[in-house]
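Report on one structure; see the data block that follows.
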Amino acid sequence: MADVDYTFHVSGPPPAGYPAAPFPDLYDAEPFAATRRARRQTYLAHVARNPAPANLKAPYYELARLAAGGQPHLGVFYAGLDYIEARRDCADFVLHAILRLLHQFSGWMPAALRDRARDVLLGFQYWPDECGPIWSGAAESGPAERGAAGCVAGEMCTWTENHQILFAAGAYLAGHLFPDDLFAASGRTGRDQAMHHAPRIRRWLQLRFETGFSEWLSHVYYDEDIVALLSLVDFGPDTGIARRAAIVLDLLLFDVALNSFRGILGCTHGRAYEAGKKRLAGQPMADTLKLLFGTGLFALRDNMSAPCLALSERYRMPRVLYDVANDHAGAPGAPAMINRQHIGLRLAEAERWVPDLYDLEDGFVLLSLEAYTHPRTINLFVDMLDAYGWWDNPFFEPFAARRGRLQTLRRFHLLPLVARIFERDVTRNTREQVDVYTYRTPDYLLSSAQDYRPGYGGDQQHAWQATLGPDAVCFTTHPARRDGPSPNYWTGSGSLPRVAQVENVTVVVYNVSTRPGLYLTNRLLFTHAWLPRDRFHEVVERDGWIFARYADAYLALRSQHSYHWQDEPGEDHDREVIVPGKQNLWICELGRLADDGPFDSFVARICAAPLTFHRLSVDYHSPTQGHLHFGWRGPLLQDGTPVPLGPYPRYHNPYTHAPFPLTHLTL
């Protein structure tokens, strides 16, 4: 993929008294305030003491500054409008800040800023089929060639799950703001623009309600989803859409409450990036978790949903979600919480959700799973490349390089066959259904995507993680390459492992394929673990095991083959555990003082537990879970009895049990 410019250019000086330097927040392991009002006041006061970050989320912090009674930096709003007008990728992120500004602070806005915002919103492209005049920023953004249907090819990603709702909701709300004005790209009046996009919003909301999010538990993209949903709740004139958006937002936050640990979304993710996996207290969702649940850190780095939640005049999170997130918190000896949930769609059952696999509009449902080159979807995807002029979109550069070949194969109906041959490589972006298993105690959280697409290439999926503290975490990956876009060294996977978890024990099996791929051929033949020993209070190595303690939580990590610590200078020094070989098994068992006694006793019991590795399987007599047998093939056996790894119900946990697909939910 070609580089995309995300630079945010703010011009002009800030107002007098504007904060010059960051004022960092402190991490709270326990809720710092029990009421929404107190948490909101603390959050807004903290924003007021800090400058906005130098990224696309900056306009949201200026909105929060306005709500706190401060004087915002006008240059940030103008920079946001410039970014939207240029139609650069993630312009839809910035768009919703401007929509909120117009709805909630129109009386504050200088006339020039209000007029500029109106002009930009009327000129924006809200969907790939809006093929109006080439925009003023096209020359700066690169080639603006028209596709077969006459659409302008830009650099915006419009098709993933979070982008679809941001764009559709943006068009719907902008149309209602300016009902009688003409939207240049679509040629529709605002009233018609809103009506045209409303069915897309309803369909998106219905699928998320019934099946959940393909970008499951993402510490990045849930942040964006929340913003779009709140825009619909706060400003949508259709009460039916607003009510459905509030329900889906409740479900999203229920997911977060179930799978977070003391202000950290430290679980498996459908999409995750290196920094958010390694340094959890600074995740994009960190501010949101602390605002809603009272624990964690106001990082003020890359978040846009916390300001919207603080400013929302209509949405109130159900109190029960606060209680779920903080259940067991601070209770020594309290029992563990086990959450099982089934999320997403299976492409083998696509017709259940998508009536026509050759319809362009239905294609967006499939692209919300990023099912570009799956054998069942590749014909439709090539049709979409033609229809929307996407051959020149930088995100699809690898396809543009093979355009003639793809179109020839499409003409002779051979694309599905080629996609089937290379499926494990070319569908690495695809996020089909997943079964999530999360085990949470007052001292740690362990979470896995059970038996999720083992052996397939991965893009940004995060298969499992143990979380003991803000940065005291452990996970493994097979690195796809040293650097470059995802998948790379720590983001995503060259080959996804086969993972099975039973309560506090996870077994992870890697069987890396070296078969040549069309997209990526695995050349790094090792697996590695992130285990930052400087972030733990104690680390012990004994009998092939690595033991780590954080406060009263314990971790034991074992590799099938010999390991070594990264000793090269850099961030990974003494934090990365490397195991050569394309086949390897990892075992992770967690414990805590309340269950296992002193750390030395935990270490001794694990070391004494019988353990036998076979080529691609293991027999491990866990001190807590008994005899576990698991491998690349076959079931997970616990004391000889198969343990189901899915499919789970939509939700199965102490708070609710609901079938898949979801019809209703009671907590």
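By order of appearance in the structure tokens: chains A, B, ..., then residues from 1 within every chain, and ligands from 1 in the order shown.
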Which residues, written as a short mmCIF file (atom, residue, chain, number, x, y, z; two decimals) with all heavy atoms, in the first residue's frame, have at least one atom at most 7 Å from Asn653 of chain A, with only C-alpha atoms counted and residues fewer than 5 positions away on the same chain left out?
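result-v6.cif, freshly written:
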data_model
loop_
_atom_site.label_atom_id
_atom_site.label_comp_id
_atom_site.auth_asym_id
_atom_site.auth_seq_id
_atom_site.Cartn_x
_atom_site.Cartn_y
_atom_site.Cartn_z
N ILE A 338 -16.01 -15.37 33.65
CA ILE A 338 -15.76 -15.99 32.36
C ILE A 338 -16.78 -15.45 31.37
O ILE A 338 -17.99 -15.53 31.61
CB ILE A 338 -15.85 -17.53 32.41
CG1 ILE A 338 -14.82 -18.09 33.40
CG2 ILE A 338 -15.65 -18.12 31.02
CD1 ILE A 338 -14.92 -19.60 33.58
N ASN A 339 -16.29 -14.90 30.29
CA ASN A 339 -17.16 -14.41 29.22
C ASN A 339 -16.87 -15.18 27.94
O ASN A 339 -15.72 -15.28 27.51
CB ASN A 339 -16.91 -12.92 28.97
CG ASN A 339 -17.69 -12.42 27.76
OD1 ASN A 339 -18.89 -12.63 27.66
ND2 ASN A 339 -16.99 -11.78 26.82
N ARG A 340 -17.91 -15.74 27.37
CA ARG A 340 -17.83 -16.35 26.04
C ARG A 340 -18.78 -15.58 25.13
O ARG A 340 -19.93 -15.36 25.50
CB ARG A 340 -18.23 -17.83 26.07
CG ARG A 340 -17.38 -18.71 26.98
CD ARG A 340 -17.93 -20.14 26.98
NE ARG A 340 -17.20 -21.04 27.85
CZ ARG A 340 -17.45 -21.22 29.15
NH1 ARG A 340 -18.45 -20.54 29.71
NH2 ARG A 340 -16.74 -22.06 29.87
#
Residues of segment 193-255 of chain A at most 9 Å from segment 173-178 of chain A: nearest atom pair and distance in Å, only C-alpha atoms, as JSON lines:
{"residue": "A:Gln193", "atom": "CA", "partner": "A:Gly175", "partner_atom": "CA", "distance": 5.4}
{"residue": "A:Ala194", "atom": "CA", "partner": "A:Gly175", "partner_atom": "CA", "distance": 4.9}
{"residue": "A:Met195", "atom": "CA", "partner": "A:Gly175", "partner_atom": "CA", "distance": 8.4}
{"residue": "A:Ser231", "atom": "CA", "partner": "A:Leu173", "partner_atom": "CA", "distance": 8.0}
{"residue": "A:Leu232", "atom": "CA", "partner": "A:Leu173", "partner_atom": "CA", "distance": 7.7}
{"residue": "A:Phe235", "atom": "CA", "partner": "A:Leu173", "partner_atom": "CA", "distance": 7.2}
{"residue": "A:Gly236", "atom": "CA", "partner": "A:Leu173", "partner_atom": "CA", "distance": 6.5}
{"residue": "A:Pro237", "atom": "CA", "partner": "A:His176", "partner_atom": "CA", "distance": 7.9}
Check your understanding: Near segment 4-20 of chain A, within 9 Å and counting only C-alpha atoms, which residues show up once chain neighbours fewer than 6 positions away are dropped, as a PyMOL selection string?
Key -> chain A and resi 48-52+54-56+58+70-80+82-83+88-90+141+155+394-395
Practice item. Quick one: pick out all alpha helix (DSSP H) residues within segment 196-396 of chain A from a backbone DSSP run and write them as a ChimeraX atom specification. Key: /A:196-211,221-235,239-259,274-278,286-293,305-311,319-325,360-367,378-387
**Study point:** Residue among A:Phe475, A:Phe613, A:Phe261, A:Tyr648 lying closest to Pro661 of chain A, counting only C-alpha atoms
**Key:**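 Under the stated criterion, the closest residue is A:Tyr648.
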Practice item. Report as a PyMOL selection string: the residues of segment 398-592 of chain A with a DSSP assignment of strand (DSSP E), based on the backbone of this structure. Key: chain A and resi 434-440+445-449+464-467+473-477+498-502+505-511+526-530+538-542+545-550+553-559+564-565+576-580+583-592
Keeping only C-alpha atoms, write the selected residues as an mmCIF file, in the first residue's frame.
data_model
loop_
_atom_site.group_PDB
_atom_site.id
_atom_site.type_symbol
_atom_site.label_atom_id
_atom_site.label_comp_id
_atom_site.auth_asym_id
_atom_site.auth_seq_id
_atom_site.Cartn_x
_atom_site.Cartn_y
_atom_site.Cartn_z
ATOM 1 C CA VAL A 434 -14.802 -15.263 16.029
ATOM 2 C CA ASP A 435 -15.407 -16.941 19.378
ATOM 3 C CA VAL A 436 -13.980 -14.809 22.182
ATOM 4 C CA TYR A 437 -13.101 -16.279 25.565
ATOM 5 C CA THR A 438 -12.146 -13.919 28.395
ATOM 6 C CA TYR A 439 -11.217 -14.884 31.958
ATOM 7 C CA ARG A 440 -10.999 -11.988 34.421
ATOM 8 C CA LEU A 445 -7.265 -10.796 32.518
ATOM 9 C CA LEU A 446 -6.597 -13.519 29.946
ATOM 10 C CA SER A 447 -8.377 -13.395 26.599
ATOM 11 C CA SER A 448 -8.253 -15.392 23.351
ATOM 12 C CA ALA A 449 -9.822 -15.787 19.940
ATOM 13 C CA TRP A 464 -4.527 -13.594 22.565
ATOM 14 C CA GLN A 465 -3.219 -11.527 25.447
ATOM 15 C CA ALA A 466 -2.535 -11.700 29.158
ATOM 16 C CA THR A 467 -2.948 -8.389 31.007
ATOM 17 C CA VAL A 473 1.283 -7.697 29.400
ATOM 18 C CA CYS A 474 2.203 -10.756 27.386
ATOM 19 C CA PHE A 475 1.260 -11.975 23.905
ATOM 20 C CA THR A 476 2.877 -13.830 21.013
ATOM 21 C CA THR A 477 2.917 -13.386 17.250
ATOM 22 C CA ARG A 498 -4.256 -22.086 16.707
ATOM 23 C CA VAL A 499 -5.290 -20.898 20.163
ATOM 24 C CA ALA A 500 -7.271 -22.595 22.926
ATOM 25 C CA GLN A 501 -7.997 -21.193 26.364
ATOM 26 C CA VAL A 502 -9.568 -22.794 29.397
ATOM 27 C CA VAL A 505 -4.460 -21.274 30.764
ATOM 28 C CA THR A 506 -3.883 -20.603 27.069
ATOM 29 C CA VAL A 507 -2.106 -22.905 24.620
ATOM 30 C CA VAL A 508 -0.884 -21.352 21.376
ATOM 31 C CA VAL A 509 0.280 -23.501 18.435
ATOM 32 C CA TYR A 510 2.225 -22.091 15.469
ATOM 33 C CA ASN A 511 2.664 -23.957 12.198
ATOM 34 C CA PHE A 526 10.508 -17.668 14.257
ATOM 35 C CA THR A 527 7.815 -16.761 16.741
ATOM 36 C CA HIS A 528 8.204 -14.284 19.554
ATOM 37 C CA ALA A 529 6.571 -13.072 22.737
ATOM 38 C CA TRP A 530 6.232 -9.562 24.105
ATOM 39 C CA GLU A 538 9.706 -9.679 39.534
ATOM 40 C CA VAL A 539 10.904 -12.037 36.785
ATOM 41 C CA VAL A 540 12.278 -15.557 37.324
ATOM 42 C CA GLU A 541 13.546 -18.068 34.723
ATOM 43 C CA ARG A 542 13.515 -21.723 35.740
ATOM 44 C CA TRP A 545 9.723 -21.377 32.071
ATOM 45 C CA ILE A 546 9.653 -17.586 32.372
ATOM 46 C CA PHE A 547 7.746 -16.413 35.441
ATOM 47 C CA ALA A 548 6.672 -12.826 36.009
ATOM 48 C CA ARG A 549 4.883 -11.115 38.878
ATOM 49 C CA TYR A 550 2.981 -7.834 38.831
ATOM 50 C CA ALA A 553 -0.763 -11.412 39.776
ATOM 51 C CA TYR A 554 1.497 -14.139 38.379
ATOM 52 C CA LEU A 555 2.354 -15.257 34.852
ATOM 53 C CA ALA A 556 4.101 -18.389 33.611
ATOM 54 C CA LEU A 557 5.232 -18.595 29.980
ATOM 55 C CA ARG A 558 6.751 -21.655 28.345
ATOM 56 C CA SER A 559 7.964 -22.282 24.807
ATOM 57 C CA HIS A 564 16.506 -16.116 23.920
ATOM 58 C CA TRP A 565 15.875 -12.517 24.894
ATOM 59 C CA GLU A 576 11.072 -9.636 23.391
ATOM 60 C CA VAL A 577 11.436 -13.412 23.738
ATOM 61 C CA ILE A 578 12.474 -15.065 20.458
ATOM 62 C CA VAL A 579 12.139 -18.733 19.505
ATOM 63 C CA PRO A 580 13.635 -19.880 16.164
ATOM 64 C CA GLN A 583 6.713 -24.627 14.380
ATOM 65 C CA ASN A 584 6.352 -23.890 18.062
ATOM 66 C CA LEU A 585 3.952 -24.163 20.975
ATOM 67 C CA TRP A 586 3.565 -21.598 23.742
ATOM 68 C CA ILE A 587 1.815 -22.154 27.070
ATOM 69 C CA CYS A 588 0.696 -19.307 29.295
ATOM 70 C CA GLU A 589 -0.784 -19.897 32.747
ATOM 71 C CA LEU A 590 -1.817 -17.113 35.100
ATOM 72 C CA GLY A 591 -2.245 -17.118 38.842
ATOM 73 C CA ARG A 592 -2.589 -14.786 41.809
#
